[in-house]
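Heads up, protein_17.tsv below (TSV, C-alpha atoms):
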chain	number	residue	atom	x	y	z
A	131	ASP	CA	82.09	104.58	83.18
A	132	ILE	CA	84.36	103.21	80.50
A	133	GLN	CA	83.56	99.57	79.81
A	134	MET	CA	86.36	97.12	79.06
A	135	THR	CA	85.58	93.98	77.07
A	136	GLN	CA	88.06	91.14	76.76
A	137	SER	CA	88.01	88.34	74.23
A	138	PRO	CA	88.00	85.49	74.39
A	139	SER	CA	86.65	84.82	77.88
A	140	SER	CA	88.57	81.57	77.94
A	141	LEU	CA	91.22	80.03	75.79
A	142	SER	CA	92.84	76.62	75.56
A	143	ALA	CA	96.43	76.41	74.39
A	144	SER	CA	99.56	74.32	74.65
A	145	VAL	CA	103.07	74.94	75.87
A	146	GLY	CA	105.00	76.70	73.12
A	147	ASP	CA	101.93	78.24	71.49
A	148	ARG	CA	101.65	81.91	70.61
A	149	VAL	CA	98.57	83.40	72.22
A	150	THR	CA	96.82	86.74	71.81
A	151	ILE	CA	94.20	88.24	74.12
A	152	THR	CA	92.20	91.27	73.07
A	153	CYS	CA	90.79	94.10	75.17
A	154	ARG	CA	88.42	96.72	73.77
A	155	ALA	CA	87.42	99.96	75.49
A	156	SER	CA	83.99	101.55	75.08
A	157	GLN	CA	85.69	104.85	74.23
A	158	SER	CA	89.19	105.97	73.44
A	159	ILE	CA	91.59	105.62	76.36
A	160	SER	CA	94.80	106.62	74.54
A	161	ASN	CA	97.43	104.22	75.89
A	162	PHE	CA	96.16	104.11	79.48
A	163	LEU	CA	95.82	100.36	79.52
A	164	ASN	CA	97.39	97.84	81.89
A	165	TRP	CA	97.52	94.05	81.89
A	166	TYR	CA	97.59	91.83	84.99
A	167	GLN	CA	98.08	88.09	85.47
A	168	GLN	CA	96.31	86.25	88.26
A	169	LYS	CA	96.95	82.70	89.36
A	170	PRO	CA	94.47	80.78	91.53
A	171	GLY	CA	94.46	81.94	95.12
A	172	LYS	CA	96.93	84.75	94.43
A	173	ALA	CA	96.76	88.48	93.99
A	174	PRO	CA	97.02	89.83	90.46
A	175	LYS	CA	100.46	90.78	89.20
A	176	LEU	CA	101.21	93.68	86.87
A	177	LEU	CA	102.61	92.56	83.50
A	178	ILE	CA	102.26	95.49	81.14
A	179	TYR	CA	101.52	99.16	81.79
A	180	ALA	CA	100.84	102.07	79.45
A	181	ALA	CA	99.71	99.54	76.83
A	182	SER	CA	103.18	98.34	75.88
A	183	SER	CA	105.68	98.88	78.70
A	184	LEU	CA	106.94	95.68	80.30
A	185	GLN	CA	106.95	95.73	84.09
A	186	SER	CA	110.34	95.01	85.63
A	187	GLY	CA	110.96	91.33	86.09
A	188	VAL	CA	108.30	90.18	83.62
A	189	PRO	CA	109.61	87.86	80.88
A	190	SER	CA	110.03	89.36	77.43
A	191	ARG	CA	107.68	86.78	75.88
A	192	PHE	CA	104.86	89.05	77.10
A	193	THR	CA	104.15	92.00	74.83
A	194	GLY	CA	101.38	94.56	74.78
A	195	SER	CA	100.21	96.75	71.95
A	196	GLY	CA	97.42	99.06	70.90
A	197	SER	CA	96.03	102.50	71.51
A	198	GLY	CA	92.69	104.22	71.41
A	199	THR	CA	90.09	101.50	71.91
A	200	ASP	CA	91.79	98.25	70.85
A	201	PHE	CA	94.59	96.52	72.70
A	202	THR	CA	96.29	93.13	72.68
A	203	LEU	CA	98.39	91.06	75.02
A	204	THR	CA	100.56	88.50	73.27
A	205	ILE	CA	102.50	85.67	74.83
A	206	SER	CA	105.03	84.55	72.23
A	207	SER	CA	105.74	81.03	73.50
A	208	LEU	CA	103.57	79.77	76.31
A	209	GLN	CA	105.30	78.37	79.33
A	210	PRO	CA	103.65	76.15	81.96
A	211	GLU	CA	103.65	79.01	84.47
A	212	ASP	CA	101.67	81.25	82.09
A	213	PHE	CA	98.42	79.38	82.53
A	214	ALA	CA	96.38	81.87	84.51
A	215	THR	CA	93.67	84.49	84.17
A	216	TYR	CA	94.54	87.78	82.51
A	217	TYR	CA	92.83	91.12	83.10
A	218	CYS	CA	93.07	94.41	81.30
A	219	GLN	CA	92.43	97.65	83.20
A	220	GLN	CA	91.95	101.20	81.96
A	221	SER	CA	93.41	104.14	83.81
A	222	TYR	CA	92.30	106.88	81.40
A	223	SER	CA	89.16	107.67	83.34
A	224	THR	CA	90.98	108.49	86.54
A	225	PRO	CA	89.83	108.09	89.19
A	226	SER	CA	87.07	105.80	87.96
A	227	LEU	CA	89.12	102.74	87.13
A	228	THR	CA	87.68	99.67	85.46
A	229	PHE	CA	88.80	96.14	84.60
A	230	GLY	CA	87.91	93.78	81.83
A	231	GLN	CA	86.05	90.63	82.80
A	232	GLY	CA	89.15	88.46	82.46
A	233	THR	CA	90.47	85.82	80.08
A	234	ARG	CA	91.17	82.39	81.49
A	235	LEU	CA	94.08	80.70	79.75
A	236	GLU	CA	93.96	76.93	80.15
A	237	ILE	CA	96.12	74.06	79.06
B	1429	GLN	CA	110.39	95.98	99.34
B	1430	VAL	CA	106.83	97.27	99.72
B	1431	GLN	CA	104.49	94.85	101.47
B	1432	LEU	CA	100.79	95.14	102.23
B	1433	GLN	CA	98.76	93.00	104.63
B	1434	GLU	CA	95.01	93.07	105.02
B	1435	SER	CA	93.29	92.32	108.30
B	1436	GLY	CA	89.75	92.29	109.59
B	1437	PRO	CA	86.73	90.07	110.23
B	1438	GLY	CA	86.17	87.26	107.77
B	1439	LEU	CA	82.45	87.16	108.46
B	1440	VAL	CA	80.04	90.09	108.50
B	1441	LYS	CA	76.29	90.01	108.99
B	1442	PRO	CA	73.95	91.47	106.38
B	1443	SER	CA	73.15	95.18	106.88
B	1444	GLU	CA	76.26	95.66	109.03
B	1445	THR	CA	79.49	97.46	108.14
B	1446	LEU	CA	82.52	95.69	106.71
B	1447	SER	CA	85.81	97.09	108.04
B	1448	LEU	CA	89.27	96.14	106.85
B	1449	THR	CA	92.73	97.54	107.51
B	1450	CYS	CA	95.87	97.37	105.40
B	1451	ALA	CA	99.24	97.53	107.13
B	1452	VAL	CA	102.00	98.87	104.90
B	1453	SER	CA	105.70	98.17	105.24
B	1454	GLY	CA	108.61	99.22	103.09
B	1455	TYR	CA	107.47	102.78	102.49
B	1456	SER	CA	105.61	105.62	104.20
B	1457	ILE	CA	102.05	106.16	103.03
B	1458	SER	CA	102.49	109.86	103.73
B	1459	SER	CA	105.20	110.05	101.07
B	1460	GLY	CA	102.90	110.57	98.10
B	1461	TYR	CA	101.49	107.23	96.94
B	1462	TYR	CA	97.88	106.51	96.33
B	1463	CYS	CA	96.48	103.60	98.34
B	1464	GLY	CA	93.34	101.73	97.45
B	1465	TRP	CA	91.09	98.73	97.62
B	1466	ILE	CA	89.97	96.24	94.99
B	1467	ARG	CA	87.62	93.32	95.49
B	1468	GLN	CA	86.89	90.06	93.71
B	1469	PRO	CA	83.74	88.01	94.34
B	1470	PRO	CA	84.39	84.27	94.34
B	1471	GLY	CA	84.92	83.04	90.79
B	1472	LYS	CA	84.43	86.52	89.30
B	1473	GLY	CA	86.46	89.46	88.10
B	1474	LEU	CA	88.10	92.45	89.74
B	1475	GLU	CA	86.24	95.53	90.91
B	1476	TRP	CA	87.97	98.74	91.94
B	1477	ILE	CA	86.50	100.12	95.18
B	1478	GLY	CA	88.41	103.35	95.64
B	1479	ASN	CA	91.69	105.18	96.23
B	1480	ILE	CA	93.02	107.64	98.78
B	1481	TYR	CA	95.92	110.02	98.36
B	1482	HIS	CA	98.37	110.89	101.12
B	1483	SER	CA	96.61	114.25	101.42
B	1484	GLY	CA	93.42	112.43	102.34
B	1485	SER	CA	91.64	113.04	99.06
B	1486	THR	CA	89.43	110.09	98.20
B	1487	TYR	CA	88.06	108.68	94.97
B	1488	TYR	CA	85.38	106.01	94.90
B	1489	ASN	CA	83.72	103.68	92.44
B	1490	PRO	CA	80.42	105.42	91.63
B	1491	SER	CA	78.54	102.17	92.17
B	1492	LEU	CA	79.78	101.96	95.78
B	1493	LYS	CA	80.27	105.62	96.63
B	1494	SER	CA	77.23	105.92	98.87
B	1495	ARG	CA	78.42	103.07	101.10
B	1496	VAL	CA	82.23	103.23	101.15
B	1497	THR	CA	84.77	105.20	103.14
B	1498	ILE	CA	88.55	104.89	102.81
B	1499	SER	CA	90.79	106.52	105.38
B	1500	LEU	CA	94.46	106.81	106.31
B	1501	ASP	CA	96.26	106.40	109.63
B	1502	THR	CA	99.70	107.77	108.90
B	1503	SER	CA	100.84	107.30	112.51
B	1504	LYS	CA	100.42	103.53	112.06
B	1505	ASN	CA	101.30	103.53	108.34
B	1506	GLN	CA	98.04	101.87	107.46
B	1507	PHE	CA	94.79	102.59	105.68
B	1508	SER	CA	91.29	101.24	105.99
B	1509	VAL	CA	88.05	100.66	104.15
B	1510	LYS	CA	84.53	100.62	105.53
B	1511	LEU	CA	81.57	99.40	103.51
B	1512	SER	CA	78.17	99.90	105.06
B	1513	SER	CA	74.86	98.07	104.66
B	1514	VAL	CA	76.48	94.97	103.24
B	1515	THR	CA	74.62	92.20	101.48
B	1516	ALA	CA	75.64	88.79	100.16
B	1517	ALA	CA	76.72	90.55	96.96
B	1518	ASP	CA	79.57	92.12	98.93
B	1519	THR	CA	81.10	88.71	99.65
B	1520	ALA	CA	84.52	88.84	98.05
B	1521	VAL	CA	88.26	88.71	98.45
B	1522	TYR	CA	89.34	92.23	99.32
B	1523	TYR	CA	92.80	93.39	98.22
B	1524	CYS	CA	94.61	96.47	99.41
B	1525	VAL	CA	96.81	98.01	96.75
B	1526	THR	CA	99.09	100.88	95.93
B	1527	TYR	CA	98.42	102.93	92.81
B	1528	ASN	CA	101.25	104.49	90.88
B	1529	SER	CA	99.72	107.79	89.83
B	1530	GLY	CA	102.55	108.55	87.44
B	1531	TRP	CA	102.20	105.45	85.28
B	1532	ARG	CA	98.61	104.92	86.41
B	1533	HIS	CA	98.73	101.29	87.43
B	1534	PHE	CA	98.30	99.18	90.52
B	1535	ASP	CA	101.77	98.06	91.44
B	1536	TYR	CA	101.74	96.47	94.89
B	1537	TRP	CA	99.01	94.17	96.17
B	1538	GLY	CA	98.23	92.56	99.48
B	1539	GLN	CA	97.57	88.84	99.54
B	1540	GLY	CA	93.83	89.44	99.86
B	1541	THR	CA	91.34	88.56	102.54
B	1542	LEU	CA	88.01	86.81	102.07
B	1543	VAL	CA	85.03	88.51	103.63
B	1544	THR	CA	81.79	86.58	103.69
B	1545	VAL	CA	78.48	88.31	104.31
B	1546	SER	CA	76.13	85.91	106.01
B	1547	SER	CA	73.88	85.70	109.03

Exercise: express the given structure as structure tokens:
Amino acid sequence: DIQMTQSPSSLSASVGDRVTITCRASQSISNFLNWYQQKPGKAPKLLIYAASSLQSGVPSRFTGSGSGTDFTLTISSLQPEDFATYYCQQSYSTPSLTFGQGTRLEI
Amino acid sequence: QVQLQESGPGLVKPSETLSLTCAVSGYSISSGYYCGWIRQPPGKGLEWIGNIYHSGSTYYNPSLKSRVTISLDTSKNQFSVKLSSVTAADTAVYYCVTYNSGWRHFDYWGQGTLVTVSS
């Protein structure tokens, strides 16, 4: 299985901050990397697919980048509704799909 | 608008079989989508359980493969998961999902249902 490692595991930030979350794959996954946002008690929501493509309806302050083994999710100016847990997920090793352990973004 | 809704027992005894169903509305599961299941133990991360294609082909997480079965009921536009020989470690919120095989991401999610394994 391809292992996905996110850093940091948790992060404290303020409204208006620029925040970056990193996801590293244990082997090259090209650009088959997705990012999800999960709020407490809710199902995850797709933010970014194929490493850098913004899902319809997701604000443009979310950007994804990277390829190969190293990827980042950047939120350009944090809004109150962005405080949540973020997961990366690789879809290179189809059908064995794996998630990172999550990054909890706190105020 | 695609909507998914999980249903099934919220409490299962150890060593028994967990069974959940996902009712799909807004599209026909026989039309070519992958359907699947993901779980999340309380306070922990996400774990992919498996996917099923409209043809019936299944793909499972290797760590669960010996215990899991995912099936389709196209007449009812729903799909199901069965997990046998459960233990407390299988306590989790179980989500049914659709998987976009073109862009390779999970796009639609059910609200999730908590299943507790306890005697």

* Counting only C-alpha atoms, find the residues whose atoms lie at most 10 Å from (85.9, 85.5, 96.2) (file coordinates) and write them out as a PyMOL selection string. => (chain A and resi 171) or (chain B and resi 1467-1474+1518-1522+1540-1544)

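Our summary of the geometry notes that atom CA of Gln1506 of chain B is positioned 21.0 Å from atom CA of Pro225 of chain A.
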
* May I have the residues of chain B within 9 Å of chain A, counting only C-alpha atoms, written as a ChimeraX atom specification? => /B:1472-1479,1487-1490,1523,1531-1540

* Structure fact -> The residue from A:Ala155, A:Val145, A:Ser160, A:Thr135 with the smallest atom-to-atom distance to Gly198 of chain A, counting only C-alpha atoms, is A:Ser160

* Top pick for closest residue to Cys153 of chain A, considering A:Lys169, A:Gly194, A:Thr202, A:Ser139 and counting all atoms listed in the file ->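 Ranked by minimum distance to Cys153 of chain A, first place goes to A:Thr202.
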
* Structure fact -> Atom pair atom CA of Ser1508 of chain B + atom CA of Asn1528 of chain B, distance 18.4 Å

* Could you jot down the atom CA of Val1514 of chain B to atom CA of Ile1498 of chain B separation for me, Å, one decimal place? => 15.6 Å

12 Å contact set for Gly1454 of chain B, only C-alpha atoms, chain neighbours under 6 positions out, as an mmCIF file with C-alpha atoms, in the coordinates of the input:
data_model
loop_
_atom_site.group_PDB
_atom_site.id
_atom_site.type_symbol
_atom_site.label_atom_id
_atom_site.label_comp_id
_atom_site.auth_asym_id
_atom_site.auth_seq_id
_atom_site.Cartn_x
_atom_site.Cartn_y
_atom_site.Cartn_z
ATOM 1 C CA GLN B 1429 110.390 95.980 99.340
ATOM 2 C CA VAL B 1430 106.830 97.270 99.720
ATOM 3 C CA GLN B 1431 104.490 94.850 101.470
ATOM 4 C CA LEU B 1432 100.790 95.140 102.230
ATOM 5 C CA GLN B 1433 98.760 93.000 104.630
ATOM 6 C CA ASN B 1505 101.300 103.530 108.340
ATOM 7 C CA GLN B 1506 98.040 101.870 107.460
ATOM 8 C CA TYR B 1536 101.740 96.470 94.890
#

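Closest approach to His1482 of chain B among B:Gly1436, B:Gly1530, B:Pro1442, B:Gly1464: B:Gly1464, based on all atoms listed in the file.
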
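Among the candidates A:Gln209, A:Ser182, A:Gln136, A:Gln168, the one nearest to Ile151 of chain A when counting only C-alpha atoms is A:Gln136.
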
The centre and edge lengths of an axis-aligned box containing all atoms of segment 161-175 of chain A present in the file, extended by 8 Å on each side, are to be given in Å to one decimal, as JSON.
{"center_x": 97.5, "center_y": 92.5, "center_z": 85.5, "size_x": 22.0, "size_y": 39.4, "size_z": 35.2}

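For Ser140 of chain A, the non-local neighbours within 8 Å, defined as residues at least 6 positions apart in the same chain or in other chains and counting all atoms listed in the file, are A:Thr233, A:Arg234, A:Leu235, A:Glu236.
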
* To do: Between A:Ser137, A:Ser195, A:Val149, A:Leu203, single out the one closest to Asn161 of chain A, counting all atoms listed in the file.
  => A:Ser195
